[in-house]
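Dropping upload-v5.pdb in here (PDB, C-alpha atoms):
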ATOM      1  CA  MET A1169       0.000   0.000   0.000  1.00  0.00           C
ATOM      2  CA  THR A1170       1.278   3.442  -0.810  1.00  0.00           C
ATOM      3  CA  THR A1171       1.347   6.252   1.676  1.00  0.00           C
ATOM      4  CA  SER A1172      -1.392   8.077  -0.240  1.00  0.00           C
ATOM      5  CA  GLU A1173      -3.684   5.004  -0.088  1.00  0.00           C
ATOM      6  CA  LEU A1174      -3.114   4.618   3.629  1.00  0.00           C
ATOM      7  CA  THR A1175      -3.687   8.340   4.149  1.00  0.00           C
ATOM      8  CA  ALA A1176      -6.959   8.137   2.205  1.00  0.00           C
ATOM      9  CA  VAL A1177      -8.187   5.143   4.240  1.00  0.00           C
ATOM     10  CA  VAL A1178      -7.307   6.757   7.567  1.00  0.00           C
ATOM     11  CA  ALA A1179      -8.979   9.996   6.454  1.00  0.00           C
ATOM     12  CA  ALA A1180     -12.111   8.093   5.375  1.00  0.00           C
ATOM     13  CA  THR A1181     -12.428   6.242   8.699  1.00  0.00           C
ATOM     14  CA  HIS A1182     -11.996   9.531  10.548  1.00  0.00           C
ATOM     15  CA  GLU A1183     -14.596  11.188   8.302  1.00  0.00           C
ATOM     16  CA  ILE A1184     -17.097   8.390   8.974  1.00  0.00           C
ATOM     17  CA  TRP A1185     -16.647   8.766  12.733  1.00  0.00           C
ATOM     18  CA  MET A1186     -16.913  12.567  12.619  1.00  0.00           C
ATOM     19  CA  ARG A1187     -19.972  12.529  10.319  1.00  0.00           C
ATOM     20  CA  THR A1188     -21.684   9.950  12.516  1.00  0.00           C
ATOM     21  CA  ASN A1189     -21.077  12.154  15.564  1.00  0.00           C
ATOM     22  CA  ASP A1190     -22.463  15.144  13.670  1.00  0.00           C
ATOM     23  CA  LEU A1191     -25.549  13.220  12.530  1.00  0.00           C
ATOM     24  CA  ILE A1192     -26.405  12.059  16.068  1.00  0.00           C
ATOM     25  CA  GLU A1193     -25.603  15.391  17.733  1.00  0.00           C
ATOM     26  CA  LYS A1194     -29.269  16.255  18.416  1.00  0.00           C
ATOM     27  CA  SER A1195     -29.903  12.863  20.004  1.00  0.00           C
ATOM     28  CA  LEU A1196     -26.801  13.252  22.172  1.00  0.00           C
ATOM     29  CA  ALA A1197     -27.813  16.781  23.182  1.00  0.00           C
ATOM     30  CA  ARG A1198     -31.283  15.556  24.189  1.00  0.00           C
ATOM     31  CA  HIS A1199     -29.569  13.282  26.712  1.00  0.00           C
ATOM     32  CA  ARG A1200     -26.904  15.869  27.628  1.00  0.00           C
ATOM     33  CA  LEU A1201     -24.145  13.620  26.290  1.00  0.00           C
ATOM     34  CA  THR A1202     -21.022  14.386  24.321  1.00  0.00           C
ATOM     35  CA  PRO A1203     -19.379  12.076  21.794  1.00  0.00           C
ATOM     36  CA  ALA A1204     -16.929  11.069  24.543  1.00  0.00           C
ATOM     37  CA  THR A1205     -19.611  10.198  27.090  1.00  0.00           C
ATOM     38  CA  PHE A1206     -21.606   8.349  24.424  1.00  0.00           C
ATOM     39  CA  GLN A1207     -18.504   6.398  23.438  1.00  0.00           C
ATOM     40  CA  ALA A1208     -18.089   5.361  27.077  1.00  0.00           C
ATOM     41  CA  LEU A1209     -21.749   4.378  27.339  1.00  0.00           C
ATOM     42  CA  TRP A1210     -21.410   2.303  24.154  1.00  0.00           C
ATOM     43  CA  ALA A1211     -18.273   0.604  25.545  1.00  0.00           C
ATOM     44  CA  ILE A1212     -20.293  -0.890  28.418  1.00  0.00           C
ATOM     45  CA  ASP A1213     -21.752  -3.985  26.791  1.00  0.00           C
ATOM     46  CA  PRO A1214     -24.889  -5.030  28.696  1.00  0.00           C
ATOM     47  CA  ASP A1215     -24.349  -8.634  27.553  1.00  0.00           C
ATOM     48  CA  GLU A1216     -20.975  -8.833  29.333  1.00  0.00           C
ATOM     49  CA  SER A1217     -19.888  -8.527  32.943  1.00  0.00           C
ATOM     50  CA  PRO A1218     -19.568  -4.907  34.038  1.00  0.00           C
ATOM     51  CA  PRO A1219     -16.129  -3.609  33.018  1.00  0.00           C
ATOM     52  CA  SER A1220     -13.573  -2.384  35.508  1.00  0.00           C
ATOM     53  CA  MET A1221     -12.281   1.160  35.289  1.00  0.00           C
ATOM     54  CA  LYS A1222      -9.019  -0.265  33.923  1.00  0.00           C
ATOM     55  CA  VAL A1223     -10.828  -2.157  31.175  1.00  0.00           C
ATOM     56  CA  MET A1224     -12.843   0.947  30.295  1.00  0.00           C
ATOM     57  CA  ALA A1225      -9.688   3.051  30.052  1.00  0.00           C
ATOM     58  CA  GLU A1226      -8.247   0.456  27.680  1.00  0.00           C
ATOM     59  CA  ARG A1227     -11.421   0.345  25.580  1.00  0.00           C
ATOM     60  CA  LEU A1228     -11.528   4.117  25.296  1.00  0.00           C
ATOM     61  CA  TYR A1229      -7.765   4.601  24.905  1.00  0.00           C
ATOM     62  CA  CYS A1230      -7.707   7.178  27.672  1.00  0.00           C
ATOM     63  CA  ASN A1231      -5.979   7.697  30.988  1.00  0.00           C
ATOM     64  CA  ALA A1232      -7.510   7.276  34.431  1.00  0.00           C
ATOM     65  CA  GLY A1233      -8.114  11.003  34.907  1.00  0.00           C
ATOM     66  CA  ASN A1234     -10.072  11.345  31.674  1.00  0.00           C
ATOM     67  CA  LEU A1235     -12.082   8.227  32.438  1.00  0.00           C
ATOM     68  CA  THR A1236     -12.939   9.512  35.914  1.00  0.00           C
ATOM     69  CA  PHE A1237     -14.200  12.781  34.387  1.00  0.00           C
ATOM     70  CA  ILE A1238     -16.335  10.937  31.819  1.00  0.00           C
ATOM     71  CA  THR A1239     -17.614   8.452  34.411  1.00  0.00           C
ATOM     72  CA  ASP A1240     -18.551  11.266  36.803  1.00  0.00           C
ATOM     73  CA  GLN A1241     -20.734  12.791  34.080  1.00  0.00           C
ATOM     74  CA  LEU A1242     -22.490   9.479  33.423  1.00  0.00           C
ATOM     75  CA  VAL A1243     -23.016   8.879  37.156  1.00  0.00           C
ATOM     76  CA  LYS A1244     -24.477  12.382  37.657  1.00  0.00           C
ATOM     77  CA  GLN A1245     -26.994  11.698  34.908  1.00  0.00           C
ATOM     78  CA  GLY A1246     -27.976   8.375  36.444  1.00  0.00           C
ATOM     79  CA  LEU A1247     -26.752   6.331  33.479  1.00  0.00           C
ATOM     80  CA  VAL A1248     -24.100   4.271  35.273  1.00  0.00           C
ATOM     81  CA  GLU A1249     -23.150   3.365  38.814  1.00  0.00           C
ATOM     82  CA  ARG A1250     -19.776   2.538  40.245  1.00  0.00           C
ATOM     83  CA  ALA A1251     -19.899  -0.791  42.067  1.00  0.00           C
ATOM     84  CA  VAL A1252     -17.449  -3.052  43.849  1.00  0.00           C
ATOM     85  CA  ASP A1253     -16.029  -5.741  41.575  1.00  0.00           C
ATOM     86  CA  PRO A1254     -17.472  -8.977  42.993  1.00  0.00           C
ATOM     87  CA  SER A1255     -14.388 -10.945  41.923  1.00  0.00           C
ATOM     88  CA  ASP A1256     -11.915  -8.487  43.515  1.00  0.00           C
ATOM     89  CA  ARG A1257     -13.249  -5.992  46.035  1.00  0.00           C
ATOM     90  CA  ARG A1258     -10.231  -3.720  45.543  1.00  0.00           C
ATOM     91  CA  PHE A1259     -11.553  -2.648  42.151  1.00  0.00           C
ATOM     92  CA  ARG A1260     -14.593  -0.775  40.874  1.00  0.00           C
ATOM     93  CA  VAL A1261     -16.755  -1.705  37.898  1.00  0.00           C
ATOM     94  CA  LEU A1262     -19.199   0.379  35.875  1.00  0.00           C
ATOM     95  CA  VAL A1263     -22.761  -0.890  35.801  1.00  0.00           C
ATOM     96  CA  LEU A1264     -25.447   0.449  33.488  1.00  0.00           C
ATOM     97  CA  THR A1265     -28.568   1.608  35.299  1.00  0.00           C
ATOM     98  CA  ALA A1266     -32.000   0.908  33.824  1.00  0.00           C
ATOM     99  CA  LYS A1267     -32.004   4.459  32.465  1.00  0.00           C
ATOM    100  CA  GLY A1268     -28.470   3.977  31.132  1.00  0.00           C
ATOM    101  CA  LEU A1269     -29.459   0.798  29.331  1.00  0.00           C
ATOM    102  CA  GLU A1270     -32.453   2.533  27.755  1.00  0.00           C
ATOM    103  CA  VAL A1271     -30.425   5.567  26.650  1.00  0.00           C
ATOM    104  CA  ARG A1272     -27.607   3.364  25.362  1.00  0.00           C
ATOM    105  CA  GLU A1273     -29.998   1.251  23.283  1.00  0.00           C
ATOM    106  CA  GLU A1274     -31.664   4.345  21.810  1.00  0.00           C
ATOM    107  CA  LEU A1275     -28.393   6.072  20.932  1.00  0.00           C
ATOM    108  CA  VAL A1276     -26.699   2.982  19.503  1.00  0.00           C
ATOM    109  CA  ALA A1277     -29.751   2.430  17.279  1.00  0.00           C
ATOM    110  CA  THR A1278     -29.647   6.076  16.188  1.00  0.00           C
ATOM    111  CA  ALA A1279     -25.915   5.892  15.437  1.00  0.00           C
ATOM    112  CA  LEU A1280     -26.365   2.707  13.417  1.00  0.00           C
ATOM    113  CA  GLU A1281     -29.251   4.239  11.492  1.00  0.00           C
ATOM    114  CA  LYS A1282     -27.444   7.482  10.688  1.00  0.00           C
ATOM    115  CA  THR A1283     -23.857   6.346  10.116  1.00  0.00           C
ATOM    116  CA  PRO A1284     -22.599   6.774   6.547  1.00  0.00           C
ATOM    117  CA  LEU A1285     -21.774   3.051   6.663  1.00  0.00           C
ATOM    118  CA  ALA A1286     -25.512   2.288   6.576  1.00  0.00           C
ATOM    119  CA  VAL A1287     -25.478   2.693   2.769  1.00  0.00           C
ATOM    120  CA  LEU A1288     -23.308  -0.413   2.398  1.00  0.00           C
ATOM    121  CA  THR A1289     -24.857  -3.739   1.495  1.00  0.00           C
ATOM    122  CA  ARG A1290     -24.689  -6.705   3.845  1.00  0.00           C
ATOM    123  CA  SER A1291     -21.966  -8.227   1.657  1.00  0.00           C
ATOM    124  CA  GLU A1292     -19.965  -4.997   1.659  1.00  0.00           C
ATOM    125  CA  LEU A1293     -20.286  -4.723   5.439  1.00  0.00           C
ATOM    126  CA  LYS A1294     -18.988  -8.280   5.829  1.00  0.00           C
ATOM    127  CA  GLN A1295     -15.989  -7.469   3.616  1.00  0.00           C
ATOM    128  CA  LEU A1296     -15.306  -4.285   5.549  1.00  0.00           C
ATOM    129  CA  MET A1297     -15.616  -6.117   8.865  1.00  0.00           C
ATOM    130  CA  VAL A1298     -13.020  -8.692   7.771  1.00  0.00           C
ATOM    131  CA  LEU A1299     -10.599  -5.967   6.703  1.00  0.00           C
ATOM    132  CA  LEU A1300     -11.098  -3.842   9.822  1.00  0.00           C
ATOM    133  CA  ASN A1301     -10.748  -6.863  12.120  1.00  0.00           C
ATOM    134  CA  ARG A1302      -7.486  -7.722  10.351  1.00  0.00           C
ATOM    135  CA  ALA A1303      -6.232  -4.178  10.973  1.00  0.00           C
ATOM    136  CA  VAL A1304      -7.158  -4.093  14.680  1.00  0.00           C
ATOM    137  CA  GLN A1305      -6.071  -7.674  15.413  1.00  0.00           C
ATOM    138  CA  PRO A1306      -2.828  -8.134  13.483  1.00  0.00           C
ATOM    139  CA  ASP A1307      -1.196 -11.579  13.517  1.00  0.00           C
TER     140      ASP A1307
END
Target format structure tokens, applied to this file:
Amino acid sequence: MTTSELTAVVAATHEIWMRTNDLIEKSLARHRLTPATFQALWAIDPDESPPSMKVMAERLYCNAGNLTFITDQLVKQGLVERAVDPSDRRFRVLVLTAKGLEVREELVATALEKTPLAVLTRSELKQLMVLLNRAVQPD
């Protein structure tokens, strides 16, 4: 791959993320969320065990201070709670509240509906998924 091809791909992925954020801005504002707080809410998968603060920092590629700031905003809005990790009481986990689960589901659905990627066919999405997974999970 040439540098210009790589530059174009990186620019396109950034553009998709930025356009998606722009297209869901009104929905985020209705819930008093920013792209950063929404990203954190999305990173808490309700089908998995509640993530620790360390895991969340890794998922969001941020430091502890930034995560604490984001978490404080979500806690104040009643979307998440900090709880003691049942497997190791020295650590805290983030648990979605009922309201948090509802808001998360609504906003994820809105993001998926409005993302520029929604124009792709199922086959194209599968191809893209394979390529993106290869990039984020190199051998």
Could you check the closest approach to Leu1174 in chain A for each of A:Val1243, A:Ala1204, A:Ala1303, A:Val1287 and tell me which residue wins, using only C-alpha atoms?
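Using only C-alpha atoms, the shortest distance to Leu1174 in chain A belongs to A:Ala1303.
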I'd like the neighbourhood of Asn1231 in chain A as a list in words, where a residue qualifies if any of its atoms comes within 10 Å (using all atoms listed in the file), though same-chain residues fewer than 6 positions away should be ignored.
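Using all atoms listed in the file, the neighbours found are Lys1222, Met1224 and Ala1225 of chain A.
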Hey, can you check how far CA of Gly1268 in chain A sits from CA of Leu1209 in chain A?
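Distance between the two atoms: 7.7 Å.
Among the candidates A:Val1261, A:Ala1266, A:Ile1238, A:Ala1279, the one nearest to Ser1195 in chain A when counting only C-alpha atoms is A:Ala1279.
A search radius of 12 Å centred on (-25.1, 3.9, 8.7), applied to only C-alpha atoms, returns the residues Ile1184, Trp1185, Arg1187, Thr1188, Asn1189, Leu1191, Ile1192, Val1276, Ala1277, Thr1278, Ala1279, Leu1280, Glu1281, Lys1282, Thr1283, Pro1284, Leu1285, Ala1286, Val1287, Leu1288, Thr1289, Arg1290 and Leu1293 of chain A.
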Could you turn the residues from that selection into a file that holds C-alpha atoms, as an mmCIF file, in the frame of the given file?
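What ended up in out.cif:
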data_model
loop_
_atom_site.group_PDB
_atom_site.id
_atom_site.type_symbol
_atom_site.label_atom_id
_atom_site.label_comp_id
_atom_site.auth_asym_id
_atom_site.auth_seq_id
_atom_site.Cartn_x
_atom_site.Cartn_y
_atom_site.Cartn_z
ATOM 1 C CA ILE A 1184 -17.097 8.390 8.974
ATOM 2 C CA TRP A 1185 -16.647 8.766 12.733
ATOM 3 C CA ARG A 1187 -19.972 12.529 10.319
ATOM 4 C CA THR A 1188 -21.684 9.950 12.516
ATOM 5 C CA ASN A 1189 -21.077 12.154 15.564
ATOM 6 C CA LEU A 1191 -25.549 13.220 12.530
ATOM 7 C CA ILE A 1192 -26.405 12.059 16.068
ATOM 8 C CA VAL A 1276 -26.699 2.982 19.503
ATOM 9 C CA ALA A 1277 -29.751 2.430 17.279
ATOM 10 C CA THR A 1278 -29.647 6.076 16.188
ATOM 11 C CA ALA A 1279 -25.915 5.892 15.437
ATOM 12 C CA LEU A 1280 -26.365 2.707 13.417
ATOM 13 C CA GLU A 1281 -29.251 4.239 11.492
ATOM 14 C CA LYS A 1282 -27.444 7.482 10.688
ATOM 15 C CA THR A 1283 -23.857 6.346 10.116
ATOM 16 C CA PRO A 1284 -22.599 6.774 6.547
ATOM 17 C CA LEU A 1285 -21.774 3.051 6.663
ATOM 18 C CA ALA A 1286 -25.512 2.288 6.576
ATOM 19 C CA VAL A 1287 -25.478 2.693 2.769
ATOM 20 C CA LEU A 1288 -23.308 -0.413 2.398
ATOM 21 C CA THR A 1289 -24.857 -3.739 1.495
ATOM 22 C CA ARG A 1290 -24.689 -6.705 3.845
ATOM 23 C CA LEU A 1293 -20.286 -4.723 5.439
#
Between CA of Glu1193 in chain A and CA of Ala1251 in chain A, what distance in Å does the model show, to one decimal?
29.8 Å
Take the PyMOL selection byres ((chain A and resi 1201) around 12), apply it to the structure above, and return the hits as a PyMOL selection string.
chain A and resi 1189+1192-1200+1202-1210+1238-1239+1241-1245+1247+1268+1271-1272+1275
Find, counting all atoms listed in the file, the residue in A:Ala1180, A:Ser1291, A:Glu1270, A:Ser1220 that gets nearest to Asp1256 in chain A.
A:Ser1220
Around range 1283-1289 of chain A, with edges along x, y and z and 3 Å added on all six sides, what centre and edge lengths do you get, in Å to one decimal, as AutoDock Vina command-line options?
--center_x -23.6 --center_y 1.5 --center_z 5.8 --size_x 9.7 --size_y 16.5 --size_z 14.6
I need the residue nearest Ser1217 in chain A from this list: A:Asp1253, A:Glu1183, A:Asp1190, A:Glu1274. Use only C-alpha atoms for the distance.
A:Asp1253
Could you tell me, as a ChimeraX atom specification, exactly which residues end up selected when the PyMOL selection byres ((chain A and resi 1250) around 7) is applied to this structure?
/A:1248-1249,1251,1260-1263
What is the CA of Ala1211 in chain A to CA of Glu1273 in chain A distance in Å?
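Separation between CA of Ala1211 in chain A and CA of Glu1273 in chain A: 12.0 Å.
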